[in-house]
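Student: Quick one: the structure is below, and I'll ask about it shortly.
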Amino acid sequence: MPAVKPLVRRKEAKKKTTPFKRFQWDRHAKLNQRVTWRKPRGIDSCIRRRFKGRPDLVNVGFRNNKKTRHVLPNGFKKFRVFNARELDVLLMQNRVYAAEIAHGVSSRKRMAIVQRAAQLNIKVTNGNAKINTEESS
(Lines give C-alpha, C1' and ligand atoms only; values in the text may rest on other atoms or scores of the structure.)
Protein backbone atom coordinates (compact mmCIF):
# COMPACT_ATOMS: atom_id res chain seq x y z
CA MET A 1 0.00 0.00 0.00
CA PRO A 2 1.22 3.54 -0.67
CA ALA A 3 2.06 5.80 2.24
CA VAL A 4 -0.88 7.55 3.87
CA LYS A 5 -1.11 11.27 3.12
CA PRO A 6 -3.08 13.78 5.17
CA LEU A 7 -6.47 14.81 3.86
CA VAL A 8 -5.71 18.54 3.96
CA ARG A 9 -2.24 20.03 4.40
CA ARG A 10 -2.60 23.49 5.95
CA LYS A 11 0.15 26.01 6.50
CA GLU A 12 0.40 26.61 10.22
CA ALA A 13 0.51 30.30 11.16
CA LYS A 14 1.27 30.94 14.81
CA LYS A 15 0.61 34.34 16.33
CA LYS A 16 3.37 33.98 18.91
CA THR A 17 6.15 31.42 18.82
CA THR A 18 8.19 32.56 21.83
CA PRO A 19 6.95 31.34 25.21
CA PHE A 20 5.26 33.70 27.65
CA LYS A 21 7.81 34.36 30.39
CA ARG A 22 7.03 34.95 34.02
CA PHE A 23 7.56 38.48 35.38
CA GLN A 24 11.08 38.86 36.86
CA TRP A 25 11.99 35.29 35.91
CA ASP A 26 15.60 36.36 35.32
CA ARG A 27 16.07 37.58 38.91
CA HIS A 28 15.59 34.19 40.57
CA ALA A 29 17.87 31.21 39.96
CA LYS A 30 15.12 28.65 40.57
CA LEU A 31 12.99 30.19 37.82
CA ASN A 32 15.78 29.95 35.24
CA GLN A 33 15.41 26.18 34.85
CA ARG A 34 11.86 26.17 33.52
CA VAL A 35 10.00 29.42 33.01
CA THR A 36 6.31 28.93 33.76
CA TRP A 37 3.71 31.61 33.30
CA ARG A 38 2.08 33.15 36.36
CA LYS A 39 -0.31 36.06 36.10
CA PRO A 40 1.14 39.22 37.68
CA ARG A 41 -1.19 40.39 40.45
CA GLY A 42 0.68 43.30 42.01
CA ILE A 43 -1.10 46.63 42.41
CA ASP A 44 1.73 48.53 40.70
CA SER A 45 2.71 45.85 38.17
CA CYS A 46 3.58 47.41 34.83
CA ILE A 47 2.90 44.13 33.02
CA ARG A 48 -0.55 43.71 34.55
CA ARG A 49 -1.34 47.32 33.61
CA ARG A 50 -0.09 46.62 30.03
CA PHE A 51 2.46 49.38 29.73
CA LYS A 52 4.08 49.97 26.36
CA GLY A 53 7.32 48.05 25.81
CA ARG A 54 6.53 45.40 28.41
CA PRO A 55 5.88 41.68 27.76
CA ASP A 56 2.38 40.64 26.73
CA LEU A 57 -0.12 39.12 29.11
CA VAL A 58 -1.47 35.71 28.21
CA ASN A 59 -4.95 35.99 26.74
CA VAL A 60 -7.25 34.13 24.39
CA GLY A 61 -6.28 36.34 21.44
CA PHE A 62 -2.94 34.54 21.14
CA ARG A 63 -4.60 31.19 20.52
CA ASN A 64 -3.75 29.46 17.25
CA ASN A 65 -6.16 28.67 14.45
CA LYS A 66 -8.55 25.88 15.42
CA LYS A 67 -7.96 24.03 12.15
CA THR A 68 -4.18 23.92 12.58
CA ARG A 69 -4.02 23.52 16.36
CA HIS A 70 -2.31 20.28 17.47
CA VAL A 71 -1.37 19.45 13.86
CA LEU A 72 2.06 17.84 13.44
CA PRO A 73 4.45 19.05 10.72
CA ASN A 74 3.50 16.03 8.60
CA GLY A 75 -0.16 17.18 8.51
CA PHE A 76 -1.65 14.65 10.95
CA LYS A 77 -2.99 14.98 14.48
CA LYS A 78 -1.71 12.59 17.18
CA PHE A 79 -3.78 9.77 18.66
CA ARG A 80 -2.13 7.81 21.46
CA VAL A 81 -2.52 4.03 21.21
CA PHE A 82 -1.90 1.43 23.92
CA ASN A 83 -2.90 -1.75 22.04
CA ALA A 84 -3.80 -2.96 18.56
CA ARG A 85 -7.55 -2.89 19.21
CA GLU A 86 -7.49 0.88 19.67
CA LEU A 87 -6.41 1.29 16.05
CA ASP A 88 -9.94 0.37 14.96
CA VAL A 89 -11.07 3.80 16.15
CA LEU A 90 -8.86 5.39 13.47
CA LEU A 91 -10.20 3.25 10.65
CA MET A 92 -12.33 6.02 9.12
CA GLN A 93 -10.03 8.84 10.29
CA ASN A 94 -6.71 7.57 8.92
CA ARG A 95 -6.24 10.70 6.78
CA VAL A 96 -6.66 13.07 9.76
CA TYR A 97 -5.10 11.24 12.73
CA ALA A 98 -1.82 9.35 13.02
CA ALA A 99 -1.30 6.74 15.73
CA GLU A 100 1.41 7.29 18.30
CA ILE A 101 2.35 4.29 20.40
CA ALA A 102 2.37 5.14 24.12
CA HIS A 103 5.64 5.27 26.02
CA GLY A 104 5.07 2.27 28.29
CA VAL A 105 4.05 -0.25 25.62
CA SER A 106 6.31 -3.30 25.35
CA SER A 107 8.21 -4.18 22.18
CA ARG A 108 6.06 -7.27 21.53
CA LYS A 109 2.86 -5.21 21.60
CA ARG A 110 4.55 -2.51 19.52
CA MET A 111 5.20 -4.96 16.71
CA ALA A 112 1.56 -6.08 16.81
CA ILE A 113 0.39 -2.45 16.67
CA VAL A 114 2.67 -1.65 13.72
CA GLN A 115 1.49 -4.72 11.79
CA ARG A 116 -2.18 -3.95 12.45
CA ALA A 117 -1.65 -0.31 11.43
CA ALA A 118 -0.13 -1.45 8.14
CA GLN A 119 -3.22 -3.60 7.48
CA LEU A 120 -5.56 -0.70 8.22
CA ASN A 121 -3.40 1.83 6.31
CA ILE A 122 -2.82 4.00 9.40
CA LYS A 123 0.32 6.07 9.83
CA VAL A 124 2.33 5.40 13.01
CA THR A 125 4.58 8.28 14.06
CA ASN A 126 6.94 6.27 16.28
CA GLY A 127 6.62 2.86 14.67
CA ASN A 128 10.29 1.85 14.89
CA ALA A 129 10.90 2.94 18.48
CA LYS A 130 11.99 0.27 21.00
CA ILE A 131 11.97 -2.47 18.39
CA ASN A 132 15.20 -4.46 18.10
CA THR A 133 16.44 -4.72 14.55
CA GLU A 134 18.46 -7.87 15.17
CA GLU A 135 16.48 -10.85 16.34
CA SER A 136 18.34 -13.11 18.73
CA SER A 137 18.44 -16.74 17.62
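By convention in this document, the chains of the C-alpha coordinates carry letters A, B, ... by their order, each chain's residues are numbered from 1, and ligands are numbered from 1 in the order they are shown.
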Show which residues sit within 8 Å of range 14-17 of chain A, as a VMD selection string. Count only C-alpha atoms, and ignore same-chain residues fewer than 6 positions away.

Tutor: chain A and resid 62 to 65

Student: Write out as a PDB file with N, CA, C and O atoms, in the first residue's frame the set of residues from chain A that DSSP, computed on the backbone, places in helix (DSSP H, G or I).

Tutor:
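The resulting out.pdb:
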```pdb
ATOM      1  N   TRP A  25      11.469  36.650  35.901  1.00  0.00           N
ATOM      2  CA  TRP A  25      11.989  35.288  35.909  1.00  0.00           C
ATOM      3  C   TRP A  25      13.507  35.277  35.920  1.00  0.00           C
ATOM      4  O   TRP A  25      14.119  34.332  36.426  1.00  0.00           O
ATOM      5  N   ASP A  26      14.138  36.325  35.398  1.00  0.00           N
ATOM      6  CA  ASP A  26      15.598  36.357  35.318  1.00  0.00           C
ATOM      7  C   ASP A  26      16.253  36.734  36.638  1.00  0.00           C
ATOM      8  O   ASP A  26      17.459  36.612  36.781  1.00  0.00           O
ATOM      9  N   ARG A  27      15.491  37.161  37.618  1.00  0.00           N
ATOM     10  CA  ARG A  27      16.068  37.577  38.910  1.00  0.00           C
ATOM     11  C   ARG A  27      16.220  36.421  39.897  1.00  0.00           C
ATOM     12  O   ARG A  27      16.870  36.571  40.910  1.00  0.00           O
ATOM     13  N   ALA A  29      17.164  32.352  40.552  1.00  0.00           N
ATOM     14  CA  ALA A  29      17.868  31.207  39.957  1.00  0.00           C
ATOM     15  C   ALA A  29      16.935  30.017  39.774  1.00  0.00           C
ATOM     16  O   ALA A  29      17.057  29.279  38.803  1.00  0.00           O
ATOM     17  N   LYS A  30      15.996  29.818  40.690  1.00  0.00           N
ATOM     18  CA  LYS A  30      15.121  28.654  40.575  1.00  0.00           C
ATOM     19  C   LYS A  30      14.126  28.788  39.421  1.00  0.00           C
ATOM     20  O   LYS A  30      13.596  27.796  38.941  1.00  0.00           O
ATOM     21  N   LEU A  31      13.893  29.999  38.945  1.00  0.00           N
ATOM     22  CA  LEU A  31      12.989  30.192  37.820  1.00  0.00           C
ATOM     23  C   LEU A  31      13.697  30.058  36.485  1.00  0.00           C
ATOM     24  O   LEU A  31      13.052  29.993  35.447  1.00  0.00           O
ATOM     25  N   VAL A  60      -6.696  35.048  25.379  1.00  0.00           N
ATOM     26  CA  VAL A  60      -7.251  34.134  24.389  1.00  0.00           C
ATOM     27  C   VAL A  60      -6.940  34.593  22.966  1.00  0.00           C
ATOM     28  O   VAL A  60      -6.989  33.797  22.024  1.00  0.00           O
ATOM     29  N   GLY A  61      -6.585  35.835  22.772  1.00  0.00           N
ATOM     30  CA  GLY A  61      -6.285  36.336  21.441  1.00  0.00           C
ATOM     31  C   GLY A  61      -5.032  35.744  20.827  1.00  0.00           C
ATOM     32  O   GLY A  61      -4.836  35.815  19.619  1.00  0.00           O
ATOM     33  N   PHE A  62      -4.155  35.153  21.641  1.00  0.00           N
ATOM     34  CA  PHE A  62      -2.936  34.544  21.136  1.00  0.00           C
ATOM     35  C   PHE A  62      -3.140  33.088  20.728  1.00  0.00           C
ATOM     36  O   PHE A  62      -2.198  32.424  20.328  1.00  0.00           O
ATOM     37  N   ALA A  84      -3.418  -2.879  19.975  1.00  0.00           N
ATOM     38  CA  ALA A  84      -3.801  -2.960  18.563  1.00  0.00           C
ATOM     39  C   ALA A  84      -5.292  -2.749  18.352  1.00  0.00           C
ATOM     40  O   ALA A  84      -5.709  -2.289  17.286  1.00  0.00           O
ATOM     41  N   ARG A  85      -6.097  -3.064  19.356  1.00  0.00           N
ATOM     42  CA  ARG A  85      -7.547  -2.887  19.212  1.00  0.00           C
ATOM     43  C   ARG A  85      -7.935  -1.421  19.080  1.00  0.00           C
ATOM     44  O   ARG A  85      -8.926  -1.089  18.441  1.00  0.00           O
ATOM     45  N   GLU A  86      -7.160  -0.546  19.710  1.00  0.00           N
ATOM     46  CA  GLU A  86      -7.492   0.882  19.668  1.00  0.00           C
ATOM     47  C   GLU A  86      -7.277   1.489  18.289  1.00  0.00           C
ATOM     48  O   GLU A  86      -7.732   2.602  18.024  1.00  0.00           O
ATOM     49  N   LEU A  87      -6.596   0.789  17.413  1.00  0.00           N
ATOM     50  CA  LEU A  87      -6.410   1.294  16.048  1.00  0.00           C
ATOM     51  C   LEU A  87      -7.710   1.273  15.256  1.00  0.00           C
ATOM     52  O   LEU A  87      -7.846   1.997  14.266  1.00  0.00           O
ATOM     53  N   ASP A  88      -8.671   0.446  15.681  1.00  0.00           N
ATOM     54  CA  ASP A  88      -9.938   0.367  14.960  1.00  0.00           C
ATOM     55  C   ASP A  88     -10.698   1.688  15.011  1.00  0.00           C
ATOM     56  O   ASP A  88     -11.506   1.975  14.140  1.00  0.00           O
ATOM     57  N   VAL A  89     -10.427   2.491  16.038  1.00  0.00           N
ATOM     58  CA  VAL A  89     -11.067   3.804  16.148  1.00  0.00           C
ATOM     59  C   VAL A  89     -10.645   4.699  14.983  1.00  0.00           C
ATOM     60  O   VAL A  89     -11.426   5.516  14.488  1.00  0.00           O
ATOM     61  N   LEU A  90      -9.399   4.533  14.525  1.00  0.00           N
ATOM     62  CA  LEU A  90      -8.856   5.391  13.474  1.00  0.00           C
ATOM     63  C   LEU A  90      -9.162   4.888  12.069  1.00  0.00           C
ATOM     64  O   LEU A  90      -8.663   5.464  11.102  1.00  0.00           O
ATOM     65  N   SER A 107       7.798  -4.022  23.571  1.00  0.00           N
ATOM     66  CA  SER A 107       8.214  -4.176  22.177  1.00  0.00           C
ATOM     67  C   SER A 107       7.364  -5.226  21.456  1.00  0.00           C
ATOM     68  O   SER A 107       7.114  -5.101  20.257  1.00  0.00           O
ATOM     69  N   ARG A 108       6.902  -6.250  22.166  1.00  0.00           N
ATOM     70  CA  ARG A 108       6.058  -7.267  21.531  1.00  0.00           C
ATOM     71  C   ARG A 108       4.722  -6.666  21.079  1.00  0.00           C
ATOM     72  O   ARG A 108       4.250  -6.905  19.966  1.00  0.00           O
ATOM     73  N   LYS A 109       4.114  -5.861  21.962  1.00  0.00           N
ATOM     74  CA  LYS A 109       2.858  -5.212  21.601  1.00  0.00           C
ATOM     75  C   LYS A 109       3.071  -4.160  20.522  1.00  0.00           C
ATOM     76  O   LYS A 109       2.209  -3.935  19.678  1.00  0.00           O
ATOM     77  N   ARG A 110       4.245  -3.516  20.538  1.00  0.00           N
ATOM     78  CA  ARG A 110       4.551  -2.511  19.516  1.00  0.00           C
ATOM     79  C   ARG A 110       4.561  -3.126  18.129  1.00  0.00           C
ATOM     80  O   ARG A 110       4.042  -2.543  17.182  1.00  0.00           O
ATOM     81  N   MET A 111       5.170  -4.303  18.022  1.00  0.00           N
ATOM     82  CA  MET A 111       5.205  -4.958  16.713  1.00  0.00           C
ATOM     83  C   MET A 111       3.799  -5.321  16.243  1.00  0.00           C
ATOM     84  O   MET A 111       3.480  -5.190  15.061  1.00  0.00           O
ATOM     85  N   ALA A 112       2.944  -5.754  17.176  1.00  0.00           N
ATOM     86  CA  ALA A 112       1.561  -6.084  16.815  1.00  0.00           C
ATOM     87  C   ALA A 112       0.807  -4.827  16.366  1.00  0.00           C
ATOM     88  O   ALA A 112       0.027  -4.876  15.404  1.00  0.00           O
ATOM     89  N   ILE A 113       1.062  -3.705  17.037  1.00  0.00           N
ATOM     90  CA  ILE A 113       0.394  -2.450  16.674  1.00  0.00           C
ATOM     91  C   ILE A 113       0.837  -1.995  15.284  1.00  0.00           C
ATOM     92  O   ILE A 113       0.025  -1.591  14.453  1.00  0.00           O
ATOM     93  N   VAL A 114       2.141  -2.088  15.013  1.00  0.00           N
ATOM     94  CA  VAL A 114       2.666  -1.649  13.716  1.00  0.00           C
ATOM     95  C   VAL A 114       2.115  -2.523  12.578  1.00  0.00           C
ATOM     96  O   VAL A 114       1.742  -2.019  11.512  1.00  0.00           O
ATOM     97  N   GLN A 115       2.033  -3.833  12.823  1.00  0.00           N
ATOM     98  CA  GLN A 115       1.493  -4.720  11.792  1.00  0.00           C
ATOM     99  C   GLN A 115       0.014  -4.444  11.533  1.00  0.00           C
ATOM    100  O   GLN A 115      -0.431  -4.408  10.383  1.00  0.00           O
ATOM    101  N   ARG A 116      -0.744  -4.237  12.600  1.00  0.00           N
ATOM    102  CA  ARG A 116      -2.177  -3.954  12.454  1.00  0.00           C
ATOM    103  C   ARG A 116      -2.391  -2.599  11.761  1.00  0.00           C
ATOM    104  O   ARG A 116      -3.295  -2.447  10.943  1.00  0.00           O
ATOM    105  N   ALA A 117      -1.544  -1.630  12.066  1.00  0.00           N
ATOM    106  CA  ALA A 117      -1.653  -0.313  11.427  1.00  0.00           C
ATOM    107  C   ALA A 117      -1.356  -0.405   9.930  1.00  0.00           C
ATOM    108  O   ALA A 117      -1.984   0.295   9.126  1.00  0.00           O
ATOM    109  N   ALA A 118      -0.431  -1.273   9.561  1.00  0.00           N
ATOM    110  CA  ALA A 118      -0.134  -1.453   8.138  1.00  0.00           C
ATOM    111  C   ALA A 118      -1.331  -2.081   7.408  1.00  0.00           C
ATOM    112  O   ALA A 118      -1.628  -1.720   6.267  1.00  0.00           O
ATOM    113  N   GLN A 119      -2.040  -2.983   8.085  1.00  0.00           N
ATOM    114  CA  GLN A 119      -3.219  -3.597   7.479  1.00  0.00           C
ATOM    115  C   GLN A 119      -4.333  -2.569   7.283  1.00  0.00           C
ATOM    116  O   GLN A 119      -5.033  -2.580   6.271  1.00  0.00           O
ATOM    117  N   LEU A 120      -4.488  -1.684   8.274  1.00  0.00           N
ATOM    118  CA  LEU A 120      -5.563  -0.695   8.224  1.00  0.00           C
ATOM    119  C   LEU A 120      -5.159   0.585   7.507  1.00  0.00           C
ATOM    120  O   LEU A 120      -5.962   1.521   7.434  1.00  0.00           O
TER     121      LEU A 120
END
```

Student: One decimal, Å: what's the distance from CA of Asn126 in chain A over to CA of Glu100 in chain A, could you say?

Tutor: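 Between CA of Asn126 in chain A and CA of Glu100 in chain A the gap is 6.0 Å.
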
Student: With distances taken over only C-alpha atoms, which of A:Phe23, A:Tyr97, A:Trp37, A:Phe76 is nearest to Arg54 in chain A?

Tutor: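 So, comparing all the options, the nearest one is A:Phe23.
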
Student: Calculated over only C-alpha atoms, which of the candidates A:Lys52, A:Ile131, A:Asn94, A:Asn121 has the smallest distance to Ser106 in chain A?

Tutor: A:Ile131

Student: Excluding range 44-46 of chain A and residues on its chain fewer than 4 positions from it, collect all residues at most 12 Å away from it, counting only C-alpha atoms, and give them as JSON, numbers by chain.

Tutor: {"A": [23, 24, 39, 40, 50, 51, 52, 53, 54, 55, 56, 57]}

Student: Could you write those residues out with N, CA and C atoms, as a PDB file, in the first residue's frame?

Tutor:
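To be explicit, this is the file written out as part00.pdb:
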```pdb
ATOM      1  N   PHE A  23       7.009  37.179  34.994  1.00  0.00           N
ATOM      2  CA  PHE A  23       7.556  38.479  35.377  1.00  0.00           C
ATOM      3  C   PHE A  23       8.721  38.282  36.352  1.00  0.00           C
ATOM      4  N   GLN A  24       9.847  38.915  36.066  1.00  0.00           N
ATOM      5  CA  GLN A  24      11.081  38.861  36.859  1.00  0.00           C
ATOM      6  C   GLN A  24      11.654  37.451  36.951  1.00  0.00           C
ATOM      7  N   LYS A  39       0.287  34.751  36.345  1.00  0.00           N
ATOM      8  CA  LYS A  39      -0.307  36.064  36.102  1.00  0.00           C
ATOM      9  C   LYS A  39       0.185  37.061  37.148  1.00  0.00           C
ATOM     10  N   PRO A  40       0.706  38.211  36.706  1.00  0.00           N
ATOM     11  CA  PRO A  40       1.143  39.217  37.681  1.00  0.00           C
ATOM     12  C   PRO A  40      -0.061  39.860  38.366  1.00  0.00           C
ATOM     13  N   ARG A  50      -0.331  46.619  31.482  1.00  0.00           N
ATOM     14  CA  ARG A  50      -0.095  46.617  30.034  1.00  0.00           C
ATOM     15  C   ARG A  50       0.591  47.876  29.546  1.00  0.00           C
ATOM     16  N   PHE A  51       1.693  48.228  30.183  1.00  0.00           N
ATOM     17  CA  PHE A  51       2.463  49.380  29.728  1.00  0.00           C
ATOM     18  C   PHE A  51       3.170  49.066  28.422  1.00  0.00           C
ATOM     19  N   LYS A  52       3.416  50.116  27.648  1.00  0.00           N
ATOM     20  CA  LYS A  52       4.081  49.969  26.357  1.00  0.00           C
ATOM     21  C   LYS A  52       5.517  49.504  26.555  1.00  0.00           C
ATOM     22  N   GLY A  53       5.957  48.556  25.717  1.00  0.00           N
ATOM     23  CA  GLY A  53       7.320  48.051  25.808  1.00  0.00           C
ATOM     24  C   GLY A  53       7.510  46.916  26.792  1.00  0.00           C
ATOM     25  N   ARG A  54       6.461  46.504  27.447  1.00  0.00           N
ATOM     26  CA  ARG A  54       6.532  45.405  28.410  1.00  0.00           C
ATOM     27  C   ARG A  54       6.026  44.119  27.767  1.00  0.00           C
ATOM     28  N   PRO A  55       6.370  42.957  28.339  1.00  0.00           N
ATOM     29  CA  PRO A  55       5.881  41.684  27.762  1.00  0.00           C
ATOM     30  C   PRO A  55       4.354  41.591  27.779  1.00  0.00           C
ATOM     31  N   ASP A  56       3.830  40.810  26.836  1.00  0.00           N
ATOM     32  CA  ASP A  56       2.383  40.644  26.730  1.00  0.00           C
ATOM     33  C   ASP A  56       1.849  39.755  27.837  1.00  0.00           C
ATOM     34  N   LEU A  57       0.603  40.018  28.214  1.00  0.00           N
ATOM     35  CA  LEU A  57      -0.115  39.118  29.109  1.00  0.00           C
ATOM     36  C   LEU A  57      -0.706  37.982  28.279  1.00  0.00           C
TER      37      LEU A  57
END
```

Student: What lies within 10 Å of His103 in chain A using only C-alpha atoms, ignoring chain neighbours under 2 positions off, as a PDB file with all heavy atoms, in the first residue's frame?

Tutor:
```pdb
ATOM      1  N   ARG A  80      -2.960   8.737  20.699  1.00  0.00           N
ATOM      2  CA  ARG A  80      -2.129   7.810  21.465  1.00  0.00           C
ATOM      3  C   ARG A  80      -2.797   6.443  21.552  1.00  0.00           C
ATOM      4  O   ARG A  80      -3.977   6.332  21.866  1.00  0.00           O
ATOM      5  CB  ARG A  80      -1.878   8.359  22.861  1.00  0.00           C
ATOM      6  CG  ARG A  80      -0.788   7.614  23.589  1.00  0.00           C
ATOM      7  CD  ARG A  80      -0.319   8.349  24.787  1.00  0.00           C
ATOM      8  NE  ARG A  80      -1.447   8.744  25.620  1.00  0.00           N
ATOM      9  CZ  ARG A  80      -1.317   9.224  26.845  1.00  0.00           C
ATOM     10  NH1 ARG A  80      -0.131   9.375  27.353  1.00  0.00           N
ATOM     11  NH2 ARG A  80      -2.363   9.562  27.552  1.00  0.00           N
ATOM     12  N   VAL A  81      -2.004   5.404  21.288  1.00  0.00           N
ATOM     13  CA  VAL A  81      -2.517   4.034  21.210  1.00  0.00           C
ATOM     14  C   VAL A  81      -1.768   3.165  22.210  1.00  0.00           C
ATOM     15  O   VAL A  81      -0.542   3.243  22.309  1.00  0.00           O
ATOM     16  CB  VAL A  81      -2.320   3.488  19.773  1.00  0.00           C
ATOM     17  CG1 VAL A  81      -2.683   2.035  19.703  1.00  0.00           C
ATOM     18  CG2 VAL A  81      -3.128   4.291  18.794  1.00  0.00           C
ATOM     19  N   PHE A  82      -2.508   2.334  22.946  1.00  0.00           N
ATOM     20  CA  PHE A  82      -1.904   1.432  23.917  1.00  0.00           C
ATOM     21  C   PHE A  82      -1.935  -0.022  23.459  1.00  0.00           C
ATOM     22  O   PHE A  82      -1.167  -0.834  23.941  1.00  0.00           O
ATOM     23  CB  PHE A  82      -2.617   1.549  25.267  1.00  0.00           C
ATOM     24  CG  PHE A  82      -2.360   2.852  25.965  1.00  0.00           C
ATOM     25  CD1 PHE A  82      -3.190   3.934  25.749  1.00  0.00           C
ATOM     26  CD2 PHE A  82      -1.287   3.006  26.806  1.00  0.00           C
ATOM     27  CE1 PHE A  82      -2.962   5.135  26.377  1.00  0.00           C
ATOM     28  CE2 PHE A  82      -1.043   4.201  27.433  1.00  0.00           C
ATOM     29  CZ  PHE A  82      -1.879   5.266  27.227  1.00  0.00           C
ATOM     30  N   GLU A 100       0.131   7.187  17.606  1.00  0.00           N
ATOM     31  CA  GLU A 100       1.408   7.292  18.305  1.00  0.00           C
ATOM     32  C   GLU A 100       1.382   6.266  19.427  1.00  0.00           C
ATOM     33  O   GLU A 100       0.510   6.311  20.290  1.00  0.00           O
ATOM     34  CB  GLU A 100       1.612   8.697  18.878  1.00  0.00           C
ATOM     35  CG  GLU A 100       2.947   8.835  19.564  1.00  0.00           C
ATOM     36  CD  GLU A 100       3.159  10.209  20.141  1.00  0.00           C
ATOM     37  OE1 GLU A 100       2.448  10.555  21.097  1.00  0.00           O
ATOM     38  OE2 GLU A 100       4.036  10.921  19.634  1.00  0.00           O
ATOM     39  N   ILE A 101       2.321   5.350  19.403  1.00  0.00           N
ATOM     40  CA  ILE A 101       2.350   4.289  20.405  1.00  0.00           C
ATOM     41  C   ILE A 101       2.805   4.888  21.730  1.00  0.00           C
ATOM     42  O   ILE A 101       3.785   5.635  21.779  1.00  0.00           O
ATOM     43  CB  ILE A 101       3.288   3.155  19.970  1.00  0.00           C
ATOM     44  CG1 ILE A 101       2.852   2.615  18.606  1.00  0.00           C
ATOM     45  CG2 ILE A 101       3.291   2.033  20.995  1.00  0.00           C
ATOM     46  CD1 ILE A 101       3.798   1.632  17.996  1.00  0.00           C
ATOM     47  N   VAL A 105       4.456   0.968  26.321  1.00  0.00           N
ATOM     48  CA  VAL A 105       4.055  -0.251  25.617  1.00  0.00           C
ATOM     49  C   VAL A 105       5.288  -1.092  25.319  1.00  0.00           C
ATOM     50  O   VAL A 105       6.321  -0.581  24.890  1.00  0.00           O
ATOM     51  CB  VAL A 105       3.310   0.114  24.308  1.00  0.00           C
ATOM     52  CG1 VAL A 105       2.948  -1.121  23.530  1.00  0.00           C
ATOM     53  CG2 VAL A 105       2.057   0.908  24.633  1.00  0.00           C
ATOM     54  N   SER A 106       5.176  -2.401  25.545  1.00  0.00           N
ATOM     55  CA  SER A 106       6.314  -3.303  25.349  1.00  0.00           C
ATOM     56  C   SER A 106       6.615  -3.484  23.864  1.00  0.00           C
ATOM     57  O   SER A 106       5.803  -3.182  22.997  1.00  0.00           O
ATOM     58  CB  SER A 106       6.022  -4.665  25.977  1.00  0.00           C
ATOM     59  OG  SER A 106       4.970  -5.293  25.275  1.00  0.00           O
ATOM     60  N   ASN A 126       5.751   6.846  15.654  1.00  0.00           N
ATOM     61  CA  ASN A 126       6.945   6.270  16.282  1.00  0.00           C
ATOM     62  C   ASN A 126       6.945   4.756  16.130  1.00  0.00           C
ATOM     63  O   ASN A 126       7.126   4.018  17.084  1.00  0.00           O
ATOM     64  CB  ASN A 126       7.037   6.680  17.756  1.00  0.00           C
ATOM     65  CG  ASN A 126       5.820   6.266  18.551  1.00  0.00           C
ATOM     66  OD1 ASN A 126       4.800   5.890  17.990  1.00  0.00           O
ATOM     67  ND2 ASN A 126       5.923   6.329  19.849  1.00  0.00           N
ATOM     68  N   ALA A 129      10.319   2.704  17.168  1.00  0.00           N
ATOM     69  CA  ALA A 129      10.899   2.945  18.480  1.00  0.00           C
ATOM     70  C   ALA A 129      10.843   1.678  19.329  1.00  0.00           C
ATOM     71  O   ALA A 129       9.868   0.946  19.297  1.00  0.00           O
ATOM     72  CB  ALA A 129      10.176   4.072  19.194  1.00  0.00           C
ATOM     73  N   LYS A 130      11.886   1.406  20.066  1.00  0.00           N
ATOM     74  CA  LYS A 130      11.989   0.273  20.997  1.00  0.00           C
ATOM     75  C   LYS A 130      11.871  -1.094  20.341  1.00  0.00           C
ATOM     76  O   LYS A 130      11.582  -2.073  21.006  1.00  0.00           O
ATOM     77  CB  LYS A 130      10.910   0.373  22.092  1.00  0.00           C
ATOM     78  CG  LYS A 130      11.178   1.400  23.150  1.00  0.00           C
ATOM     79  CD  LYS A 130      10.211   1.183  24.285  1.00  0.00           C
ATOM     80  CE  LYS A 130      10.340   2.246  25.340  1.00  0.00           C
ATOM     81  NZ  LYS A 130       9.367   2.068  26.402  1.00  0.00           N
TER      82      LYS A 130
END
```

Student: Can you pull out the residues contacting range 66-69 of chain A? Cut-off 9 Å, using only C-alpha atoms, and skip same-chain residues under 5 positions away; I want them as a VMD selection string.

Tutor: chain A and resid 10 to 13 75 77

Student: Can you spit out the residues from that selection as a short mmCIF file (atom, residue, chain, number, x, y, z; two decimals), in the first residue's frame, using all heavy atoms?

Tutor:
```cif
data_model
loop_
_atom_site.label_atom_id
_atom_site.label_comp_id
_atom_site.auth_asym_id
_atom_site.auth_seq_id
_atom_site.Cartn_x
_atom_site.Cartn_y
_atom_site.Cartn_z
N ARG A 10 -2.48 22.05 5.73
CA ARG A 10 -2.60 23.49 5.95
C ARG A 10 -1.29 24.08 6.42
O ARG A 10 -0.54 23.44 7.15
CB ARG A 10 -3.67 23.77 7.00
CG ARG A 10 -5.06 23.51 6.51
CD ARG A 10 -6.08 24.02 7.50
NE ARG A 10 -7.41 23.95 6.96
CZ ARG A 10 -8.20 22.90 7.08
NH1 ARG A 10 -7.79 21.83 7.69
NH2 ARG A 10 -9.40 22.91 6.57
N LYS A 11 -1.03 25.29 6.03
CA LYS A 11 0.15 26.01 6.50
C LYS A 11 -0.17 26.57 7.87
O LYS A 11 -1.14 27.30 8.05
CB LYS A 11 0.50 27.14 5.53
CG LYS A 11 1.68 27.95 5.92
CD LYS A 11 2.96 27.25 5.56
CE LYS A 11 4.13 28.19 5.82
NZ LYS A 11 5.23 27.55 6.44
N GLU A 12 0.65 26.19 8.86
CA GLU A 12 0.40 26.61 10.22
C GLU A 12 0.94 28.00 10.44
O GLU A 12 2.11 28.28 10.19
CB GLU A 12 1.05 25.63 11.19
CG GLU A 12 0.66 25.85 12.62
CD GLU A 12 1.21 24.76 13.52
OE1 GLU A 12 1.93 23.89 13.04
OE2 GLU A 12 0.91 24.81 14.71
N ALA A 13 0.10 28.93 10.88
CA ALA A 13 0.51 30.30 11.16
C ALA A 13 0.29 30.57 12.64
O ALA A 13 -0.84 30.64 13.10
CB ALA A 13 -0.30 31.27 10.32
N GLY A 75 1.23 16.95 8.89
CA GLY A 75 -0.16 17.18 8.51
C GLY A 75 -1.18 16.38 9.29
O GLY A 75 -2.38 16.57 9.11
N LYS A 77 -2.85 14.75 13.05
CA LYS A 77 -2.99 14.98 14.48
C LYS A 77 -2.63 13.68 15.19
O LYS A 77 -2.80 12.60 14.64
CB LYS A 77 -4.42 15.37 14.83
CG LYS A 77 -4.80 16.74 14.31
CD LYS A 77 -6.20 17.11 14.74
CE LYS A 77 -6.56 18.49 14.23
NZ LYS A 77 -7.91 18.88 14.63
#
```

Student: May I ask for the distance between CA of His70 in chain A and CA of Gly127 in chain A, given in Å to one decimal place?

Tutor: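 These two atoms are separated by 19.8 Å.
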
Student: At a cut-off of 10 Å, using only C-alpha atoms, what residues contact Lys5 in chain A? Leave out same-chain residues fewer than 3 positions from it and give the result as a list in words.

Tutor: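 Answer for this query is Pro2, Val8, Arg9, Asn74, Gly75, Phe76, Asn94, Arg95, Val96, Ile122 and Lys123 of chain A.
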
Student: Do you have the CA of Thr36 in chain A-CA of Ala102 in chain A distance handy?

Tutor: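 Interatomic distance here is 26.0 Å.
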
Student: Can you list every residue in range 71-121 of chain A that DSSP puts in strand (DSSP E or B), as a list in words?

Tutor: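 Everything in range 71-121 of chain A that counts as strand (DSSP E or B) is Val71, Lys77, Lys78, Phe79, Arg80, Val81, Tyr97, Ala98, Ala99, Glu100 and Ile101 of chain A.
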